[in-house]
>>> print(open('final-v5.cif').read())   # mmCIF, C-alpha atoms
data_coords
#
loop_
_atom_site.group_PDB
_atom_site.id
_atom_site.type_symbol
_atom_site.label_atom_id
_atom_site.label_comp_id
_atom_site.auth_asym_id
_atom_site.auth_seq_id
_atom_site.Cartn_x
_atom_site.Cartn_y
_atom_site.Cartn_z
ATOM 1 C CA MET A 36 43.154 -16.581 68.029
ATOM 2 C CA LYS A 37 42.377 -20.246 68.721
ATOM 3 C CA LYS A 38 39.981 -19.201 71.475
ATOM 4 C CA LEU A 39 38.164 -16.850 69.076
ATOM 5 C CA LEU A 40 37.836 -19.593 66.442
ATOM 6 C CA PHE A 41 36.481 -21.956 69.098
ATOM 7 C CA ILE A 42 33.834 -19.408 70.144
ATOM 8 C CA ILE A 43 32.815 -18.843 66.500
ATOM 9 C CA LEU A 44 32.501 -22.618 66.001
ATOM 10 C CA ILE A 45 30.234 -22.922 69.041
ATOM 11 C CA ILE A 46 28.034 -20.077 67.770
ATOM 12 C CA VAL A 47 27.728 -21.705 64.345
ATOM 13 C CA LEU A 48 26.785 -25.056 65.885
ATOM 14 C CA LEU A 49 24.136 -23.433 68.075
ATOM 15 C CA LEU A 50 22.777 -21.117 65.356
ATOM 16 C CA PRO A 51 19.885 -23.364 64.189
ATOM 17 C CA TYR A 52 18.578 -23.512 67.751
ATOM 18 C CA ALA A 53 18.895 -19.754 68.151
ATOM 19 C CA VAL A 54 17.023 -19.129 64.911
ATOM 20 C CA PHE A 55 14.226 -21.629 65.187
ATOM 21 C CA GLY A 56 14.086 -22.314 68.884
ATOM 22 C CA GLU A 57 12.998 -25.595 70.421
ATOM 23 C CA GLY A 58 10.650 -27.733 68.373
ATOM 24 C CA ALA A 59 11.674 -26.761 64.863
ATOM 25 C CA ALA A 60 11.203 -29.009 61.850
ATOM 26 C CA THR A 61 14.211 -31.032 60.721
ATOM 27 C CA VAL A 62 14.923 -33.317 57.778
ATOM 28 C CA ASP A 63 14.551 -36.324 60.092
ATOM 29 C CA TRP A 64 11.146 -35.101 61.302
ATOM 30 C CA VAL A 65 9.861 -34.580 57.745
ATOM 31 C CA VAL A 66 10.980 -38.054 56.674
ATOM 32 C CA GLU A 67 9.763 -39.763 59.864
ATOM 33 C CA LYS A 68 6.277 -38.246 59.570
ATOM 34 C CA GLY A 69 5.957 -39.344 55.944
ATOM 35 C CA TYR A 70 5.598 -35.889 54.391
ATOM 36 C CA PHE A 71 8.310 -36.737 51.894
ATOM 37 C CA GLY A 72 6.962 -40.183 51.016
ATOM 38 C CA VAL A 73 7.511 -43.673 52.335
ATOM 39 C CA GLY A 74 9.960 -45.004 49.727
ATOM 40 C CA GLY A 75 13.668 -44.303 49.423
ATOM 41 C CA LEU A 76 14.756 -40.686 49.625
ATOM 42 C CA ASN A 77 16.604 -40.689 46.264
ATOM 43 C CA LEU A 78 17.898 -37.199 47.012
ATOM 44 C CA ASP A 79 19.922 -36.878 43.804
ATOM 45 C CA THR A 80 16.931 -37.736 41.586
ATOM 46 C CA LYS A 81 14.934 -34.950 39.962
ATOM 47 C CA ILE A 82 11.380 -34.741 41.263
ATOM 48 C CA ASN A 83 8.501 -34.913 38.805
ATOM 49 C CA ARG A 84 5.319 -32.867 38.979
ATOM 50 C CA ALA A 85 3.212 -35.786 40.209
ATOM 51 C CA SER A 86 5.504 -36.468 43.174
ATOM 52 C CA PHE A 87 5.775 -32.776 43.993
ATOM 53 C CA ALA A 88 1.978 -32.373 43.958
ATOM 54 C CA THR A 89 1.810 -35.224 46.466
ATOM 55 C CA VAL A 90 4.338 -33.507 48.738
ATOM 56 C CA THR A 91 2.367 -30.249 48.664
ATOM 57 C CA VAL A 92 -0.910 -31.958 49.552
ATOM 58 C CA ARG A 93 0.732 -33.653 52.538
ATOM 59 C CA LEU A 94 2.207 -30.363 53.737
ATOM 60 C CA MET A 95 -1.240 -28.762 53.615
ATOM 61 C CA GLY A 96 -2.578 -31.559 55.822
ATOM 62 C CA LEU A 97 -4.872 -32.698 52.992
ATOM 63 C CA GLU A 98 -3.689 -36.271 52.499
ATOM 64 C CA SER A 99 -6.881 -37.759 53.951
ATOM 65 C CA GLU A 100 -8.834 -35.669 51.432
ATOM 66 C CA ALA A 101 -6.722 -37.121 48.625
ATOM 67 C CA LEU A 102 -7.065 -40.680 49.904
ATOM 68 C CA ASN A 103 -10.855 -40.296 49.991
ATOM 69 C CA TYR A 104 -11.116 -38.301 46.764
ATOM 70 C CA ARG A 105 -14.117 -39.295 44.632
ATOM 71 C CA GLY A 106 -14.219 -36.393 42.171
ATOM 72 C CA ARG A 107 -13.269 -36.370 38.521
ATOM 73 C CA PRO A 108 -9.549 -36.173 37.679
ATOM 74 C CA ALA A 109 -8.551 -32.529 37.242
ATOM 75 C CA PHE A 110 -6.565 -33.255 34.061
ATOM 76 C CA LYS A 111 -6.804 -35.713 31.192
ATOM 77 C CA ASP A 112 -3.243 -36.970 31.428
ATOM 78 C CA ILE A 113 -3.117 -38.015 35.098
ATOM 79 C CA GLU A 114 -5.449 -41.011 35.275
ATOM 80 C CA ASP A 115 -3.155 -43.314 33.325
ATOM 81 C CA PHE A 116 0.158 -41.988 34.640
ATOM 82 C CA GLN A 117 1.886 -44.840 36.500
ATOM 83 C CA GLY A 118 -1.418 -46.534 37.202
ATOM 84 C CA GLY A 119 -3.117 -43.354 38.400
ATOM 85 C CA TRP A 120 -1.595 -43.343 41.903
ATOM 86 C CA ALA A 121 -1.135 -39.541 41.876
ATOM 87 C CA SER A 122 -4.437 -38.596 40.245
ATOM 88 C CA ALA A 123 -6.219 -37.718 43.489
ATOM 89 C CA TYR A 124 -3.225 -35.812 44.901
ATOM 90 C CA ILE A 125 -2.884 -33.746 41.733
ATOM 91 C CA SER A 126 -6.626 -33.039 41.678
ATOM 92 C CA VAL A 127 -6.592 -31.917 45.325
ATOM 93 C CA ALA A 128 -3.523 -29.740 44.687
ATOM 94 C CA LYS A 129 -5.330 -28.112 41.770
ATOM 95 C CA GLU A 130 -8.594 -27.577 43.703
ATOM 96 C CA ASN A 131 -6.708 -25.905 46.555
ATOM 97 C CA GLY A 132 -4.815 -23.532 44.273
ATOM 98 C CA LEU A 133 -1.385 -25.051 44.927
ATOM 99 C CA MET A 134 -0.517 -26.158 41.404
ATOM 100 C CA SER A 135 -2.003 -25.646 37.957
ATOM 101 C CA GLY A 136 -1.602 -27.509 34.693
ATOM 102 C CA LYS A 137 0.689 -26.812 31.789
ATOM 103 C CA THR A 138 -2.525 -26.263 29.822
ATOM 104 C CA LEU A 139 -6.197 -26.321 30.806
ATOM 105 C CA ASP A 140 -6.477 -30.094 30.418
ATOM 106 C CA LYS A 141 -2.886 -31.316 30.755
ATOM 107 C CA PHE A 142 -0.818 -31.424 33.949
ATOM 108 C CA ASP A 143 2.350 -33.110 32.617
ATOM 109 C CA PRO A 144 2.820 -35.403 35.654
ATOM 110 C CA GLU A 145 6.145 -36.739 34.361
ATOM 111 C CA GLY A 146 7.673 -33.284 33.844
ATOM 112 C CA ASN A 147 10.240 -31.913 36.273
ATOM 113 C CA ILE A 148 9.860 -28.967 38.661
ATOM 114 C CA THR A 149 12.046 -25.867 38.425
ATOM 115 C CA TYR A 150 13.415 -24.034 41.431
ATOM 116 C CA MET A 151 11.100 -21.052 40.887
ATOM 117 C CA GLU A 152 8.026 -23.287 40.464
ATOM 118 C CA MET A 153 8.897 -25.027 43.723
ATOM 119 C CA LEU A 154 9.292 -21.728 45.598
ATOM 120 C CA ALA A 155 5.965 -20.428 44.258
ATOM 121 C CA VAL A 156 4.104 -23.505 45.517
ATOM 122 C CA PHE A 157 5.720 -23.432 48.961
ATOM 123 C CA MET A 158 4.821 -19.745 49.300
ATOM 124 C CA ARG A 159 1.190 -20.540 48.450
ATOM 125 C CA ILE A 160 1.251 -23.142 51.217
ATOM 126 C CA LEU A 161 2.482 -20.405 53.584
ATOM 127 C CA GLY A 162 -0.529 -18.269 52.679
ATOM 128 C CA TYR A 163 0.893 -15.963 50.012
ATOM 129 C CA GLU A 164 -1.462 -15.312 47.103
ATOM 130 C CA ASP A 165 -1.024 -14.956 43.368
ATOM 131 C CA GLY A 166 -2.173 -11.525 42.210
ATOM 132 C CA VAL A 167 -1.894 -10.136 45.739
ATOM 133 C CA ASP A 168 1.587 -10.822 47.109
ATOM 134 C CA PHE A 169 3.154 -11.316 43.690
ATOM 135 C CA VAL A 170 1.978 -10.516 40.174
ATOM 136 C CA ARG A 171 4.865 -10.615 37.708
ATOM 137 C CA TYR A 172 6.409 -14.041 37.237
ATOM 138 C CA PRO A 173 9.131 -14.756 38.125
ATOM 139 C CA GLU A 174 10.346 -11.341 39.388
ATOM 140 C CA ASP A 175 7.786 -10.746 42.152
ATOM 141 C CA TYR A 176 7.790 -14.374 43.259
ATOM 142 C CA TYR A 177 11.569 -14.524 43.530
ATOM 143 C CA LYS A 178 11.721 -11.223 45.429
ATOM 144 C CA LYS A 179 9.138 -12.443 47.946
ATOM 145 C CA ALA A 180 10.911 -15.795 48.372
ATOM 146 C CA LEU A 181 14.161 -14.001 49.221
ATOM 147 C CA GLU A 182 12.332 -11.527 51.475
ATOM 148 C CA ILE A 183 10.863 -14.257 53.684
ATOM 149 C CA GLY A 184 14.083 -16.285 53.750
ATOM 150 C CA LEU A 185 12.828 -19.165 51.643
ATOM 151 C CA GLY A 186 14.814 -18.620 48.445
ATOM 152 C CA ASP A 187 18.503 -19.108 47.725
ATOM 153 C CA MET A 188 19.956 -16.488 45.370
ATOM 154 C CA TYR A 189 22.703 -18.891 44.284
ATOM 155 C CA VAL A 190 20.290 -21.393 42.700
ATOM 156 C CA PRO A 191 19.216 -20.589 39.103
ATOM 157 C CA LEU A 192 15.459 -20.000 38.878
ATOM 158 C CA ASP A 193 15.024 -22.318 35.890
ATOM 159 C CA GLU A 194 17.113 -25.155 37.328
ATOM 160 C CA GLU A 195 15.205 -28.432 37.562
ATOM 161 C CA VAL A 196 15.408 -29.393 41.222
ATOM 162 C CA ASN A 197 16.256 -32.757 42.692
ATOM 163 C CA ARG A 198 14.548 -34.334 45.679
ATOM 164 C CA GLY A 199 17.332 -33.186 48.003
ATOM 165 C CA THR A 200 16.694 -29.530 47.168
ATOM 166 C CA VAL A 201 12.956 -30.028 47.654
ATOM 167 C CA LEU A 202 13.520 -31.668 51.040
ATOM 168 C CA ASP A 203 15.855 -28.905 52.254
ATOM 169 C CA THR A 204 13.481 -26.167 51.055
ATOM 170 C CA MET A 205 10.536 -27.979 52.632
ATOM 171 C CA VAL A 206 12.262 -27.814 56.016
ATOM 172 C CA LYS A 207 12.854 -24.072 55.498
ATOM 173 C CA ALA A 208 9.187 -23.601 54.565
ATOM 174 C CA LEU A 209 8.036 -25.498 57.660
ATOM 175 C CA ASN A 210 10.124 -23.185 59.845
ATOM 176 C CA THR A 211 9.012 -19.983 58.091
ATOM 177 C CA PRO A 212 6.148 -18.057 59.742
ATOM 178 C CA LEU A 213 2.865 -18.162 57.838
ATOM 179 C CA LYS A 214 1.881 -14.925 56.107
ATOM 180 C CA GLY A 215 0.947 -12.310 58.698
ATOM 181 C CA GLN A 216 1.290 -14.740 61.618
ATOM 182 C CA ASP A 217 3.821 -15.610 64.288
ATOM 183 C CA HIS A 218 3.482 -19.392 64.153
ATOM 184 C CA THR A 219 4.882 -21.734 61.546
ATOM 185 C CA LEU A 220 3.443 -24.523 59.425
ATOM 186 C CA PHE A 221 5.502 -26.949 61.503
ATOM 187 C CA HIS A 222 3.653 -25.941 64.673
ATOM 188 C CA ILE A 223 0.283 -26.443 62.963
ATOM 189 C CA LEU A 224 1.149 -29.873 61.562
ATOM 190 C CA ASN A 225 2.843 -31.004 64.767
ATOM 191 C CA SER A 226 -0.161 -29.931 66.827
ATOM 192 C CA LYS A 227 -2.472 -31.813 64.461
ATOM 193 C CA LEU A 228 -0.359 -34.956 64.768
ATOM 194 C CA ASP A 229 -0.349 -34.667 68.578
ATOM 195 C CA LYS A 230 -4.157 -34.435 68.624
ATOM 196 C CA GLU A 231 -4.498 -37.429 66.305
ATOM 197 C CA ASN A 232 -2.138 -39.485 68.459
ATOM 198 C CA SER A 233 -3.895 -38.530 71.705
ATOM 199 C CA SER A 234 -7.289 -39.484 70.257
ATOM 200 C CA LYS A 235 -5.960 -42.946 69.363
ATOM 201 C CA SER A 236 -4.574 -43.576 72.864
#
>>> encode(input="final-v5.cif", output="structure tokens")
Amino acid sequence: MKKLLFIILIIVLLLPYAVFGEGAATVDWVVEKGYFGVGGLNLDTKINRASFATVTVRLMGLESEALNYRGRPAFKDIEDFQGGWASAYISVAKENGLMSGKTLDKFDPEGNITYMEMLAVFMRILGYEDGVDFVRYPEDYYKKALEIGLGDMYVPLDEEVNRGTVLDTMVKALNTPLKGQDHTLFHILNSKLDKENSSKS
């Protein structure tokens, strides 16, 4: 019996490597590369829409576009939010179809993100499209999230998520194959970082 329990324990410990293989994204990798921000992690704090928009832009590899953004703010209520630091990120997220406003001209940067809203955005990053891969909200979105292994059926869809949940789900998204492809977002971002580092050396 003890031998069987020992074997099961070894399998459980090795499972992440069996699932993702060598070179999978981890929490440490996400934090080290700055995709989750450069301040404290504050994992128990709820994430607002401005911070989440910033995370999505980084995951799409569009941070340089945000840093060099010269267009008009996409919404009226983002320029003055906390000095306007997130205005460009929110505008880029909107232009790339990742996030929309609460109304046509208001984004609500201080509002919190629900679990279902978070899943919908991560699926868009993975290449899934509104009106194509899911139509009815939230039913179709939730079904697709569970189908691709991104969603957790034990988390209420309308629960406002904290930064820890976003970080854990981000790692899952990075290790989930892109729609219709064999490679993951992690492999794309890691390859891009390797090229940038080699060009600097």
>>> residues_around(input="final-v5.cif", residues="Lys111 in chain A", least_positions_apart="6", cutoff="9 Å", atoms="all atoms listed in the file", output="list of chain:residue names")
A:Asp140, A:Lys141, A:Phe142
>>> write_last_selection(input="final-v5.cif", atoms="C-alpha atoms", output="PDB file, keeping the file's coordinate frame")
ATOM      1  CA  ASP A 140      -6.477 -30.094  30.418  1.00  0.00           C
ATOM      2  CA  LYS A 141      -2.886 -31.316  30.755  1.00  0.00           C
ATOM      3  CA  PHE A 142      -0.818 -31.424  33.949  1.00  0.00           C
TER       4      PHE A 142
END
>>> resolve_selection(input="final-v5.cif", expression="the PyMOL selection byres ((chain A and resi 126) around 9)", output="VMD selection string")
chain A and resid 88 101 104 106 to 110 113 121 to 125 127 to 131
>>> atom_distance(input="final-v5.cif", atom1="CA of Thr219 in chain A", atom2="CA of Leu161 in chain A")
8.4 Å
>>> closest_residue(input="final-v5.cif", among="A:Phe221, A:Phe87, A:Tyr172, A:Tyr189", to="Leu133 in chain A", atoms="all atoms listed in the file")
A:Phe87
>>> resolve_selection(input="final-v5.cif", expression="the PyMOL selection byres ((chain A and resi 196-200) around 7)", output="list in words")
Asn77, Leu78, Asp79, Thr80, Lys81, Ile82, Ile148, Thr149, Tyr150, Glu194, Glu195, Val201, Leu202, Asp203 and Thr204 of chain A
